[in-house]
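Text of coords01.pdb, listed as PDB, C-alpha atoms:
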ATOM      1  CA  MET J   8      42.908 -10.586 212.288
ATOM      2  CA  ASP J   9      41.488 -12.058 215.485
ATOM      3  CA  ASP J  10      44.273 -10.471 217.506
ATOM      4  CA  ILE J  11      43.312  -6.978 216.396
ATOM      5  CA  TYR J  12      39.720  -7.448 217.517
ATOM      6  CA  ILE J  13      40.734  -9.190 220.732
ATOM      7  CA  GLN J  14      42.964  -6.235 221.595
ATOM      8  CA  LYS J  15      40.115  -3.843 220.776
ATOM      9  CA  VAL J  16      37.769  -5.724 223.115
ATOM     10  CA  LEU J  17      40.386  -5.779 225.855
ATOM     11  CA  LYS J  18      40.830  -2.025 225.493
ATOM     12  CA  GLY J  19      37.123  -1.574 226.178
ATOM     13  CA  ASP J  20      35.565  -1.656 222.718
ATOM     14  CA  ALA J  21      32.909  -4.283 223.455
ATOM     15  CA  ASP J  22      31.372  -3.839 220.010
ATOM     16  CA  ALA J  23      34.503  -5.344 218.437
ATOM     17  CA  PHE J  24      33.355  -8.631 219.923
ATOM     18  CA  ARG J  25      30.691  -8.742 217.187
ATOM     19  CA  PHE J  26      33.445  -9.625 214.713
ATOM     20  CA  ILE J  27      34.441 -12.606 216.847
ATOM     21  CA  ILE J  28      30.815 -13.742 217.147
ATOM     22  CA  ARG J  29      30.299 -13.418 213.403
ATOM     23  CA  SER J  30      33.508 -15.296 212.583
ATOM     24  CA  TYR J  31      32.988 -18.263 214.857
ATOM     25  CA  LYS J  32      29.252 -18.631 215.446
ATOM     26  CA  ASP J  33      28.600 -21.175 212.688
ATOM     27  CA  MET J  34      31.473 -23.488 213.533
ATOM     28  CA  ALA J  35      30.747 -23.117 217.246
ATOM     29  CA  TYR J  36      27.101 -23.922 216.504
ATOM     30  CA  SER J  37      28.108 -27.023 214.532
ATOM     31  CA  LEU J  38      30.205 -28.226 217.465
ATOM     32  CA  ALA J  39      27.490 -27.467 220.004
ATOM     33  CA  MET J  40      24.967 -29.312 217.845
ATOM     34  CA  SER J  41      27.305 -32.320 217.751
ATOM     35  CA  VAL J  42      26.956 -32.563 221.498
ATOM     36  CA  VAL J  43      23.445 -31.396 222.392
ATOM     37  CA  LYS J  44      21.621 -32.316 219.143
ATOM     38  CA  ASP J  45      18.988 -29.627 219.602
ATOM     39  CA  GLU J  46      19.164 -26.232 217.923
ATOM     40  CA  PHE J  47      17.575 -24.309 220.802
ATOM     41  CA  ILE J  48      19.822 -25.874 223.418
ATOM     42  CA  ALA J  49      22.777 -25.291 221.088
ATOM     43  CA  GLN J  50      21.819 -21.632 220.883
ATOM     44  CA  GLU J  51      21.711 -21.474 224.681
ATOM     45  CA  VAL J  52      25.137 -23.105 224.841
ATOM     46  CA  LEU J  53      26.514 -20.611 222.357
ATOM     47  CA  GLN J  54      25.106 -17.579 224.138
ATOM     48  CA  THR J  55      26.602 -18.644 227.456
ATOM     49  CA  SER J  56      29.885 -19.569 225.787
ATOM     50  CA  PHE J  57      30.299 -16.260 223.954
ATOM     51  CA  VAL J  58      29.456 -14.270 227.098
ATOM     52  CA  ASN J  59      31.954 -16.374 229.069
ATOM     53  CA  ALA J  60      34.547 -15.933 226.332
ATOM     54  CA  PHE J  61      34.030 -12.164 226.488
ATOM     55  CA  SER J  62      34.389 -12.131 230.277
ATOM     56  CA  ASN J  63      37.512 -14.287 230.239
ATOM     57  CA  LEU J  64      39.127 -12.845 227.139
ATOM     58  CA  ALA J  65      41.970 -11.428 229.222
ATOM     59  CA  THR J  66      42.963 -14.975 230.163
ATOM     60  CA  PHE J  67      43.554 -15.874 226.495
ATOM     61  CA  LYS J  68      47.337 -15.663 226.213
ATOM     62  CA  GLY J  69      47.628 -16.497 222.531
ATOM     63  CA  LYS J  70      49.609 -19.703 223.130
ATOM     64  CA  SER J  71      47.073 -21.633 221.074
ATOM     65  CA  LYS J  72      44.749 -20.578 218.260
ATOM     66  CA  PHE J  73      41.856 -18.409 219.392
ATOM     67  CA  SER J  74      39.426 -20.902 217.846
ATOM     68  CA  THR J  75      40.920 -23.707 219.969
ATOM     69  CA  TRP J  76      40.386 -21.620 223.102
ATOM     70  CA  LEU J  77      36.858 -20.633 222.122
ATOM     71  CA  TYR J  78      35.762 -24.113 221.045
ATOM     72  CA  ARG J  79      36.971 -25.517 224.340
ATOM     73  CA  ILE J  80      34.620 -23.120 226.127
ATOM     74  CA  VAL J  81      31.762 -24.095 223.804
ATOM     75  CA  ILE J  82      32.349 -27.826 224.201
ATOM     76  CA  ASN J  83      32.685 -27.615 227.981
ATOM     77  CA  GLU J  84      29.455 -25.648 228.148
ATOM     78  CA  ALA J  85      27.703 -28.109 225.837
ATOM     79  CA  PHE J  86      28.734 -31.143 227.886
ATOM     80  CA  LYS J  87      27.822 -29.289 231.089
ATOM     81  CA  LEU J  88      24.321 -28.657 229.772
ATOM     82  CA  LEU J  89      24.032 -32.198 228.463
ATOM     83  CA  LYS J  90      24.987 -33.530 231.909
ATOM     84  CA  LYS J  91      22.477 -31.206 233.541
ATOM     85  CA  GLN J  92      19.754 -32.601 231.321
ATOM     86  CA  GLY J  93      20.842 -36.100 232.186
ATOM     87  CA  ASN J  94      20.987 -37.200 228.547
ATOM     88  CA  SER J  95      17.300 -38.005 228.990
ATOM     89  CA  THR J  96      15.835 -36.439 225.904
ATOM     90  CA  ILE J  97      18.351 -37.619 223.368
ATOM     91  CA  ILE J  98      18.411 -41.110 221.895
ATOM     92  CA  TYR J  99      21.502 -41.992 219.907
ATOM     93  CA  GLY J 100      21.876 -44.643 217.279
ATOM     94  CA  GLU J 101      18.267 -44.567 216.141
ATOM     95  CA  PRO J 102      17.737 -45.389 212.495
ATOM     96  CA  LEU J 103      17.557 -42.459 210.169
ATOM     97  CA  VAL J 104      14.065 -41.766 208.953
ATOM     98  CA  ASN J 105      13.932 -41.945 205.216
ATOM     99  CA  THR J 106      11.584 -39.103 204.498
ATOM    100  CA  ALA J 107      10.855 -37.859 201.038
ATOM    101  CA  CYS J 108      12.819 -39.842 198.522
ATOM    102  CA  GLU J 109      13.193 -43.490 197.705
ATOM    103  CA  ILE J 110      16.483 -45.182 198.401
ATOM    104  CA  ASP J 111      17.157 -45.769 194.733
ATOM    105  CA  ASP J 112      16.545 -42.151 193.859
ATOM    106  CA  PHE J 113      18.708 -41.172 196.728
ATOM    107  CA  SER J 114      21.535 -43.369 195.517
ATOM    108  CA  LEU J 115      21.302 -41.979 192.046
ATOM    109  CA  GLN J 116      21.214 -38.308 192.634
ATOM    110  CA  ILE J 117      21.537 -36.399 195.830
ATOM    111  CA  GLU J 118      21.431 -32.678 195.615
ATOM    112  CA  VAL J 119      23.924 -30.735 197.648
ATOM    113  CA  ASP J 120      21.315 -29.593 200.153
ATOM    114  CA  ASP J 121      19.934 -33.081 200.541
ATOM    115  CA  LYS J 122      23.397 -34.468 201.017
ATOM    116  CA  ARG J 123      24.055 -31.873 203.652
ATOM    117  CA  TYR J 124      20.753 -32.656 205.336
ATOM    118  CA  TYR J 125      21.348 -36.396 205.517
ATOM    119  CA  ILE J 126      24.946 -36.040 206.585
ATOM    120  CA  ASN J 127      23.864 -33.790 209.431
ATOM    121  CA  GLU J 128      20.997 -36.107 210.325
ATOM    122  CA  ALA J 129      23.455 -38.999 210.478
ATOM    123  CA  LEU J 130      25.753 -36.921 212.676
ATOM    124  CA  LYS J 131      22.792 -36.235 214.962
ATOM    125  CA  LYS J 132      22.337 -39.966 215.427
ATOM    126  CA  LEU J 133      25.938 -40.500 216.424
ATOM    127  CA  SER J 134      26.925 -40.096 220.067
ATOM    128  CA  PRO J 135      28.033 -36.571 221.090
ATOM    129  CA  LYS J 136      31.687 -37.576 221.309
ATOM    130  CA  GLU J 137      31.689 -39.304 217.920
ATOM    131  CA  SER J 138      30.038 -36.516 215.961
ATOM    132  CA  LEU J 139      32.178 -33.960 217.765
ATOM    133  CA  ALA J 140      35.346 -35.861 216.899
ATOM    134  CA  LEU J 141      34.340 -36.099 213.233
ATOM    135  CA  ARG J 142      33.553 -32.401 212.969
ATOM    136  CA  LEU J 143      36.737 -31.337 214.746
ATOM    137  CA  PHE J 144      38.961 -33.640 212.712
ATOM    138  CA  TYR J 145      37.454 -33.413 209.234
ATOM    139  CA  LEU J 146      35.464 -30.190 209.180
ATOM    140  CA  GLU J 147      37.627 -27.925 211.323
ATOM    141  CA  GLU J 148      40.702 -29.925 210.268
ATOM    142  CA  ASN J 149      42.175 -29.909 213.743
ATOM    143  CA  SER J 150      45.180 -32.068 214.477
ATOM    144  CA  ILE J 151      45.032 -34.686 217.232
ATOM    145  CA  GLU J 152      47.076 -32.319 219.438
ATOM    146  CA  GLU J 153      44.576 -29.531 218.911
ATOM    147  CA  MET J 154      41.735 -31.925 219.605
ATOM    148  CA  ILE J 155      43.388 -32.885 222.879
ATOM    149  CA  GLU J 156      43.507 -29.209 223.794
ATOM    150  CA  ILE J 157      39.894 -28.587 222.804
ATOM    151  CA  THR J 158      38.273 -31.674 224.277
ATOM    152  CA  GLY J 159      40.644 -32.631 227.079
ATOM    153  CA  TRP J 160      40.555 -36.256 225.869
ATOM    154  CA  THR J 161      43.701 -38.346 225.541
ATOM    155  CA  SER J 162      45.320 -39.031 222.183
ATOM    156  CA  SER J 163      44.433 -42.725 222.217
ATOM    157  CA  ASN J 164      40.898 -41.926 223.314
ATOM    158  CA  ILE J 165      40.500 -39.570 220.366
ATOM    159  CA  LYS J 166      41.809 -42.169 217.933
ATOM    160  CA  VAL J 167      39.392 -44.776 219.280
ATOM    161  CA  ILE J 168      36.447 -42.353 219.140
ATOM    162  CA  LEU J 169      37.384 -41.304 215.609
ATOM    163  CA  HIS J 170      37.638 -44.903 214.452
ATOM    164  CA  ARG J 171      34.281 -45.772 216.003
ATOM    165  CA  ALA J 172      32.731 -42.616 214.570
ATOM    166  CA  ARG J 173      33.949 -43.372 211.061
ATOM    167  CA  THR J 174      32.664 -46.929 211.238
ATOM    168  CA  ASN J 175      29.258 -45.916 212.604
ATOM    169  CA  MET J 176      28.867 -43.031 210.188
ATOM    170  CA  LYS J 177      29.789 -45.165 207.204
ATOM    171  CA  GLN J 178      27.498 -47.926 208.359
ATOM    172  CA  MET J 179      24.656 -45.506 208.868
ATOM    173  CA  LEU J 180      25.008 -43.928 205.443
ATOM    174  CA  GLU J 181      25.740 -47.116 203.548
ATOM    175  CA  GLU J 182      23.199 -49.441 205.152
ATOM    176  CA  ARG J 183      20.319 -47.159 205.911
ATOM    177  CA  PHE J 184      20.323 -45.487 202.547
ATOM    178  CA  SER J 185      22.113 -48.061 200.459
ATOM    179  CA  ILE J 186      24.638 -45.393 199.742
ATOM    180  CA  ASN J 187      28.001 -46.252 198.452
ATOM    181  CA  LYS J 188      30.876 -43.841 198.187
ATOM    182  CA  ASN J 189      30.311 -43.384 194.491
ATOM    183  CA  SER J 190      26.782 -42.132 194.983
ATOM    184  CA  PHE J 191      28.282 -39.202 196.791
ATOM    185  CA  ASN J 192      30.334 -38.465 193.745
ATOM    186  CA  LEU J 193      33.453 -38.435 195.833
TER     187      LEU J 193
ATOM    188  CA  MET U  12      45.232 -51.465 202.384
ATOM    189  CA  LYS U  13      46.785 -48.025 202.400
ATOM    190  CA  GLU U  14      44.857 -47.128 199.273
ATOM    191  CA  THR U  15      41.586 -48.050 200.970
ATOM    192  CA  GLU U  16      42.525 -45.956 203.986
ATOM    193  CA  THR U  17      43.333 -42.970 201.800
ATOM    194  CA  LYS U  18      40.042 -43.424 199.936
ATOM    195  CA  ASP U  19      38.211 -43.541 203.248
ATOM    196  CA  GLU U  20      39.987 -40.437 204.444
ATOM    197  CA  ASN U  21      39.126 -38.581 201.252
ATOM    198  CA  PHE U  22      35.534 -39.776 201.502
ATOM    199  CA  PHE U  23      35.198 -38.465 205.027
ATOM    200  CA  GLN U  24      37.033 -35.248 204.280
ATOM    201  CA  GLU U  25      34.742 -34.533 201.365
ATOM    202  CA  MET U  26      31.609 -35.601 203.176
ATOM    203  CA  MET U  27      32.341 -33.782 206.419
ATOM    204  CA  SER U  28      33.090 -30.574 204.540
ATOM    205  CA  GLN U  29      29.327 -30.458 204.098
ATOM    206  CA  SER U  30      28.549 -30.897 207.769
ATOM    207  CA  LYS U  31      28.991 -27.270 208.734
ATOM    208  CA  LEU U  32      25.747 -25.899 210.095
ATOM    209  CA  GLU U  33      24.569 -22.338 209.886
ATOM    210  CA  LEU U  34      23.167 -20.794 213.020
ATOM    211  CA  PRO U  35      19.469 -20.407 212.227
ATOM    212  CA  PHE U  36      18.862 -17.519 214.633
ATOM    213  CA  SER U  37      19.325 -14.160 212.951
ATOM    214  CA  ASP U  38      19.085 -12.213 216.215
ATOM    215  CA  PHE U  39      21.757 -14.298 217.914
ATOM    216  CA  GLU U  40      24.515 -11.699 217.596
ATOM    217  CA  ASP U  41      22.326  -8.934 219.033
ATOM    218  CA  ASN U  42      21.162 -11.156 221.885
ATOM    219  CA  VAL U  43      24.725 -11.969 222.874
ATOM    220  CA  MET U  44      25.724  -8.304 222.690
ATOM    221  CA  ILE U  45      22.749  -7.348 224.908
ATOM    222  CA  GLN U  46      23.862  -9.923 227.461
ATOM    223  CA  ILE U  47      27.423  -8.641 227.258
ATOM    224  CA  GLU U  48      26.265  -5.049 227.776
ATOM    225  CA  LYS U  49      24.221  -6.134 230.797
ATOM    226  CA  LYS U  50      27.265  -7.880 232.160
ATOM    227  CA  ILE U  51      29.440  -4.802 231.672
ATOM    228  CA  ILE U  52      26.898  -2.650 233.549
ATOM    229  CA  GLN U  53      26.669  -5.245 236.301
ATOM    230  CA  GLN U  54      30.452  -5.444 236.539
ATOM    231  CA  SER U  55      30.890  -1.695 236.882
ATOM    232  CA  SER U  56      28.132  -1.477 239.501
ATOM    233  CA  PHE U  57      29.781  -4.335 241.419
ATOM    234  CA  SER U  58      33.112  -2.532 241.297
ATOM    235  CA  LYS U  59      31.504   0.660 242.615
ATOM    236  CA  ASP U  60      29.776  -1.275 245.395
ATOM    237  CA  LEU U  61      33.023  -2.969 246.292
ATOM    238  CA  LYS U  62      34.863   0.353 246.536
ATOM    239  CA  LEU U  63      32.109   1.758 248.762
ATOM    240  CA  SER U  64      32.199  -1.378 250.894
ATOM    241  CA  TRP U  65      35.938  -1.005 251.459
ATOM    242  CA  LEU U  66      35.524   2.684 252.253
ATOM    243  CA  PHE U  67      32.850   2.086 254.880
ATOM    244  CA  PHE U  68      34.710  -0.901 256.267
ATOM    245  CA  ILE U  69      37.864   1.127 256.797
ATOM    246  CA  ALA U  70      35.918   4.130 258.171
ATOM    247  CA  GLY U  71      33.956   1.851 260.544
ATOM    248  CA  SER U  72      37.104   0.068 261.696
ATOM    249  CA  VAL U  73      38.927   3.349 262.408
ATOM    250  CA  PHE U  74      35.887   4.714 264.219
ATOM    251  CA  GLY U  75      35.582   1.507 266.271
ATOM    252  CA  ILE U  76      39.261   1.544 267.235
ATOM    253  CA  VAL U  77      39.081   5.222 268.276
ATOM    254  CA  ILE U  78      35.988   4.595 270.439
ATOM    255  CA  SER U  79      37.620   1.496 271.961
ATOM    256  CA  LEU U  80      40.628   3.607 272.947
ATOM    257  CA  ILE U  81      38.675   6.616 274.204
ATOM    258  CA  LEU U  82      36.063   4.763 276.292
ATOM    259  CA  PRO U  83      38.433   3.305 278.966
ATOM    260  CA  GLN U  84      40.006   6.740 279.468
ATOM    261  CA  MET U  85      36.695   8.342 280.480
ATOM    262  CA  HIS U  86      36.004   8.777 284.195
ATOM    263  CA  LYS U  87      32.337   9.732 284.320
ATOM    264  CA  PRO U  88      29.641   7.022 283.872
ATOM    265  CA  ILE U  89      27.827   7.096 280.562
ATOM    266  CA  PHE U  90      24.065   6.464 280.825
ATOM    267  CA  GLY U  91      24.772   5.229 284.332
ATOM    268  CA  ILE U  92      27.237   2.562 283.148
ATOM    269  CA  GLU U  93      30.914   2.474 284.127
ATOM    270  CA  PRO U  94      33.148   3.418 281.135
ATOM    271  CA  ASN U  95      35.327   0.295 281.627
ATOM    272  CA  LYS U  96      32.339  -2.046 281.430
ATOM    273  CA  LEU U  97      30.971  -0.119 278.493
ATOM    274  CA  ALA U  98      34.374  -0.321 276.780
ATOM    275  CA  ILE U  99      34.508  -4.125 277.186
ATOM    276  CA  PHE U 100      30.954  -4.474 275.842
ATOM    277  CA  PHE U 101      31.782  -2.152 272.946
ATOM    278  CA  GLN U 102      35.011  -4.021 272.122
ATOM    279  CA  ILE U 103      33.187  -7.374 272.057
ATOM    280  CA  VAL U 104      30.530  -5.967 269.717
ATOM    281  CA  PHE U 105      33.181  -4.238 267.608
ATOM    282  CA  VAL U 106      35.359  -7.339 267.167
ATOM    283  CA  SER U 107      32.297  -9.490 266.303
ATOM    284  CA  LEU U 108      31.143  -6.961 263.735
ATOM    285  CA  LEU U 109      34.658  -6.619 262.325
ATOM    286  CA  PHE U 110      34.984 -10.373 261.702
ATOM    287  CA  ALA U 111      31.472 -10.595 260.265
ATOM    288  CA  GLN U 112      32.238  -7.737 257.881
ATOM    289  CA  ILE U 113      35.571  -9.283 256.848
ATOM    290  CA  ASP U 114      33.692 -12.496 255.999
ATOM    291  CA  ILE U 115      31.050 -10.622 253.971
ATOM    292  CA  LEU U 116      33.682  -8.541 252.158
ATOM    293  CA  THR U 117      35.785 -11.588 251.268
ATOM    294  CA  LYS U 118      32.736 -13.283 249.754
ATOM    295  CA  PHE U 119      31.876 -10.107 247.868
ATOM    296  CA  VAL U 120      35.406  -9.751 246.484
ATOM    297  CA  LYS U 121      35.301 -13.366 245.310
ATOM    298  CA  ARG U 122      31.963 -12.741 243.618
ATOM    299  CA  VAL U 123      33.240  -9.612 241.863
ATOM    300  CA  ASN U 124      36.353 -11.483 240.703
ATOM    301  CA  LEU U 125      34.174 -14.263 239.365
ATOM    302  CA  TRP U 126      32.228 -11.735 237.313
ATOM    303  CA  LYS U 127      35.456 -10.269 235.992
TER     304      LYS U 127
END

Could you write out this structure as structure tokens?
Amino acid sequence: MDDIYIQKVLKGDADAFRFIIRSYKDMAYSLAMSVVKDEFIAQEVLQTSFVNAFSNLATFKGKSKFSTWLYRIVINEAFKLLKKQGNSTIIYGEPLVNTACEIDDFSLQIEVDDKRYYINEALKKLSPKESLALRLFYLEENSIEEMIEITGWTSSNIKVILHRARTNMKQMLEERFSINKNSFNL
Amino acid sequence: MKETETKDENFFQEMMSQSKLELPFSDFEDNVMIQIEKKIIQQSSFSKDLKLSWLFFIAGSVFGIVISLILPQMHKPIFGIEPNKLAIFFQIVFVSLLFAQIDILTKFVKRVNLWK
């Protein structure tokens, strides 16, 4: 499906690019958020990335998945912006703020939206590389090879980051909220 | 051991399936398309400018070469200056301008290619 729209864009139908934006914006946003942790900066990253993707679409040869190619642009742009900002505004590893509900209530029953909220809050507290690795591996279900292509990291580096990310994420959810796996009904 | 690993994997798979975020900006798509349209307009105007630049560069170069060849062949002084001296002065100015223009054009071509 992507190929049809890519060909349309390359033939001069710029409006066909809307399909590509619509298809990938949420996942691209999730990845950008993993790195920059701020929705407005993530939006900026995405805008630049999609415009760059449009401009360089002719260089996409179809050797890899289109999503792999696009996410690489997004991630590069996100890290570029993060570097520009000097990581100054973002503090990783801070404890999660337990807002509305008590821990016990939380352990007993977590609604889907709440679960989603706390999972994403926990991901925000992880370092950019760790949350990015988790989202690419588990959410986007990329293989290690695809992750190498997207991030430019080495295979062993990815495995180490993933291991650290899993440990930190589990620790964060289990200790901060007294959550065990069963409370997630998994 | 393996069972624990599999459990962990399932736990993360299930949990991370809920980590997809939705872009909270409803005008995002339109904003990107506006930027893309601007870029297309800019690209086409750059291409036009580049074509014009090449045209004037070639016309100027041809004109300069013709003048450089004609000047030494003249016998009468022009504005009281010997044609030979005038030709040397003209050639120096012409060559300097030619190199300066080549430099400007190269930079312009690079810029247009970057936009493409």

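The residues returned by the PyMOL selection byres ((chain J and resi 136) around 9) on the shown structure are Ser41, Val42, Leu133, Ser134, Pro135, Glu137, Ser138, Leu139, Ala140, Leu141, Ile168, Leu169 and Ala172 of chain J.
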
Prev. selection, C-alpha atoms, output as a JSON list (two decimals), in the coordinates of the input:
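Everything below was put into out.json:
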[["chain", "number", "residue", "atom", "x", "y", "z"],
["J", 41, "SER", "CA", 27.30, -32.32, 217.75],
["J", 42, "VAL", "CA", 26.96, -32.56, 221.50],
["J", 133, "LEU", "CA", 25.94, -40.50, 216.42],
["J", 134, "SER", "CA", 26.92, -40.10, 220.07],
["J", 135, "PRO", "CA", 28.03, -36.57, 221.09],
["J", 137, "GLU", "CA", 31.69, -39.30, 217.92],
["J", 138, "SER", "CA", 30.04, -36.52, 215.96],
["J", 139, "LEU", "CA", 32.18, -33.96, 217.76],
["J", 140, "ALA", "CA", 35.35, -35.86, 216.90],
["J", 141, "LEU", "CA", 34.34, -36.10, 213.23],
["J", 168, "ILE", "CA", 36.45, -42.35, 219.14],
["J", 169, "LEU", "CA", 37.38, -41.30, 215.61],
["J", 172, "ALA", "CA", 32.73, -42.62, 214.57]]

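Summary of the local environment: counting only C-alpha atoms, residues at most 12 Å from Glu148 of chain J, other than itself and those fewer than 2 positions away along its chain, are Met34, Ser74, Thr75, Ala140, Leu141, Arg142, Leu143, Phe144, Tyr145, Leu146, Ser150, Ile151, Glu152, Glu153 and Met154 of chain J; Phe23, Gln24, Glu25, Met27 and Ser28 of chain U.
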
(request) Tell me which protein, DNA and RNA residues are within 8 Å of segment 45-52 of chain U, counting only C-alpha atoms, leaving out same-chain ones fewer than 2 positions away, and put them as an MDAnalysis selection string. (result) (chainID J and resid 21 58 61) or (chainID U and resid 41:43 54:56)

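If only C-alpha atoms are the atoms counted, then among J:Ile155, J:Met179, J:Ile165, J:Leu89 the closest residue to Lys44 of chain J is J:Leu89.
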
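The spacing separating atom CA of Val52 of chain J from atom CA of Val81 of chain J amounts to 6.8 Å.
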
(message) Translate the ChimeraX specification (/U :<8) & /J into a concrete residue list for this structure, as a VMD selection string.
(response) chain J and resid 21 to 22 25 28 to 29 32 to 34 36 to 37 50 54 57 to 58 61 to 63 122 to 123 126 to 127 141 to 142 145 to 146 173 188 193

Using all atoms listed in the file, give me every residue within 12 Å of (34.1, -4.1, 242.2) in file coordinates, as an mmCIF file with C-alpha atoms, keeping the file's coordinate frame.
data_model
loop_
_atom_site.group_PDB
_atom_site.id
_atom_site.type_symbol
_atom_site.label_atom_id
_atom_site.label_comp_id
_atom_site.auth_asym_id
_atom_site.auth_seq_id
_atom_site.Cartn_x
_atom_site.Cartn_y
_atom_site.Cartn_z
ATOM 1 C CA ILE U 51 29.440 -4.802 231.672
ATOM 2 C CA ILE U 52 26.898 -2.650 233.549
ATOM 3 C CA GLN U 53 26.669 -5.245 236.301
ATOM 4 C CA GLN U 54 30.452 -5.444 236.539
ATOM 5 C CA SER U 55 30.890 -1.695 236.882
ATOM 6 C CA SER U 56 28.132 -1.477 239.501
ATOM 7 C CA PHE U 57 29.781 -4.335 241.419
ATOM 8 C CA SER U 58 33.112 -2.532 241.297
ATOM 9 C CA LYS U 59 31.504 0.660 242.615
ATOM 10 C CA ASP U 60 29.776 -1.275 245.395
ATOM 11 C CA LEU U 61 33.023 -2.969 246.292
ATOM 12 C CA LYS U 62 34.863 0.353 246.536
ATOM 13 C CA LEU U 63 32.109 1.758 248.762
ATOM 14 C CA SER U 64 32.199 -1.378 250.894
ATOM 15 C CA TRP U 65 35.938 -1.005 251.459
ATOM 16 C CA LEU U 116 33.682 -8.541 252.158
ATOM 17 C CA THR U 117 35.785 -11.588 251.268
ATOM 18 C CA LYS U 118 32.736 -13.283 249.754
ATOM 19 C CA PHE U 119 31.876 -10.107 247.868
ATOM 20 C CA VAL U 120 35.406 -9.751 246.484
ATOM 21 C CA LYS U 121 35.301 -13.366 245.310
ATOM 22 C CA ARG U 122 31.963 -12.741 243.618
ATOM 23 C CA VAL U 123 33.240 -9.612 241.863
ATOM 24 C CA ASN U 124 36.353 -11.483 240.703
ATOM 25 C CA LEU U 125 34.174 -14.263 239.365
ATOM 26 C CA TRP U 126 32.228 -11.735 237.313
ATOM 27 C CA LYS U 127 35.456 -10.269 235.992
#

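Excluding Lys18 of chain J itself and any same-chain residue fewer than 6 positions from it, the protein and nucleic acid residues within 12 Å of it, counting only C-alpha atoms, are J:Ile11, J:Tyr12, J:Phe24, J:Leu64, J:Ala65.
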
(message) Given only C-alpha atoms as the basis, pick out the residue of U:Pro88, U:Gly75, U:Ile69, U:Thr17 nearest to Val106 of chain U.
(response) U:Gly75

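We find atom CA of Lys91 of chain J and atom CA of Glu46 of chain J to be spaced 16.7 Å apart.
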
Around segment 30-46 of chain U, fit a box with edges along x, y and z, padding it by 3 Å on each side, then list its centre and edge lengths in Å to one decimal as JSON.
{"center_x": 23.9, "center_y": -19.1, "center_z": 217.6, "size_x": 16.1, "size_y": 29.5, "size_z": 25.7}

(message) (36.9, -11.1, 214.0) in this file's frame - what residues fall within 7 Å of it? Use only C-alpha atoms and give the answer as number ranges by chain.
(response) J: 8-9, 12, 26-27, 30

Selected residues written out, C-alpha atoms, as a compact mmCIF listing (two decimals), keeping the file's coordinate frame:
# COMPACT_ATOMS: atom_id res chain seq x y z
CA MET J 8 42.91 -10.59 212.29
CA ASP J 9 41.49 -12.06 215.48
CA TYR J 12 39.72 -7.45 217.52
CA PHE J 26 33.44 -9.62 214.71
CA ILE J 27 34.44 -12.61 216.85
CA SER J 30 33.51 -15.30 212.58

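The space separating atom CA of Phe100 of chain U from atom CA of Ile113 of chain U comes to 20.1 Å.
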
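What the PyMOL selection byres ((chain U and resi 83) around 7) picks from this file is U:Leu80, U:Ile81, U:Leu82, U:Gln84, U:Met85, U:Pro94, U:Asn95, U:Ala98.
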
Export: segment 78-108 of chain U, C-alpha atoms, as a CSV table (one decimal), in the first residue's frame:
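Result file follows (part.csv):
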chain,number,residue,atom,x,y,z
U,78,ILE,CA,35.2,41.5,-26.4
U,79,SER,CA,38.6,40.1,-25.3
U,80,LEU,CA,39.2,38.9,-28.8
U,81,ILE,CA,38.0,42.1,-30.6
U,82,LEU,CA,39.7,44.7,-28.4
U,83,PRO,CA,43.4,43.8,-29.3
U,84,GLN,CA,42.5,43.9,-33.0
U,85,MET,CA,41.3,47.6,-32.8
U,86,HIS,CA,43.8,50.2,-34.0
U,87,LYS,CA,42.2,53.5,-32.8
U,88,PRO,CA,42.4,54.5,-29.1
U,89,ILE,CA,39.1,54.1,-27.2
U,90,PHE,CA,38.4,57.0,-24.7
U,91,GLY,CA,42.1,58.0,-25.2
U,92,ILE,CA,43.4,54.6,-24.1
U,93,GLU,CA,45.4,52.2,-26.3
U,94,PRO,CA,43.3,49.1,-27.3
U,95,ASN,CA,46.0,46.7,-26.1
U,96,LYS,CA,46.1,48.2,-22.6
U,97,LEU,CA,42.4,48.3,-22.5
U,98,ALA,CA,42.2,44.7,-23.6
U,99,ILE,CA,44.6,43.6,-20.8
U,100,PHE,CA,42.6,45.5,-18.2
U,101,PHE,CA,39.4,44.0,-19.6
U,102,GLN,CA,40.8,40.5,-19.6
U,103,ILE,CA,41.9,40.8,-16.0
U,104,VAL,CA,38.4,42.1,-14.9
U,105,PHE,CA,36.7,39.4,-17.0
U,106,VAL,CA,38.8,36.5,-15.6
U,107,SER,CA,38.2,37.8,-12.0
U,108,LEU,CA,34.5,38.1,-12.6
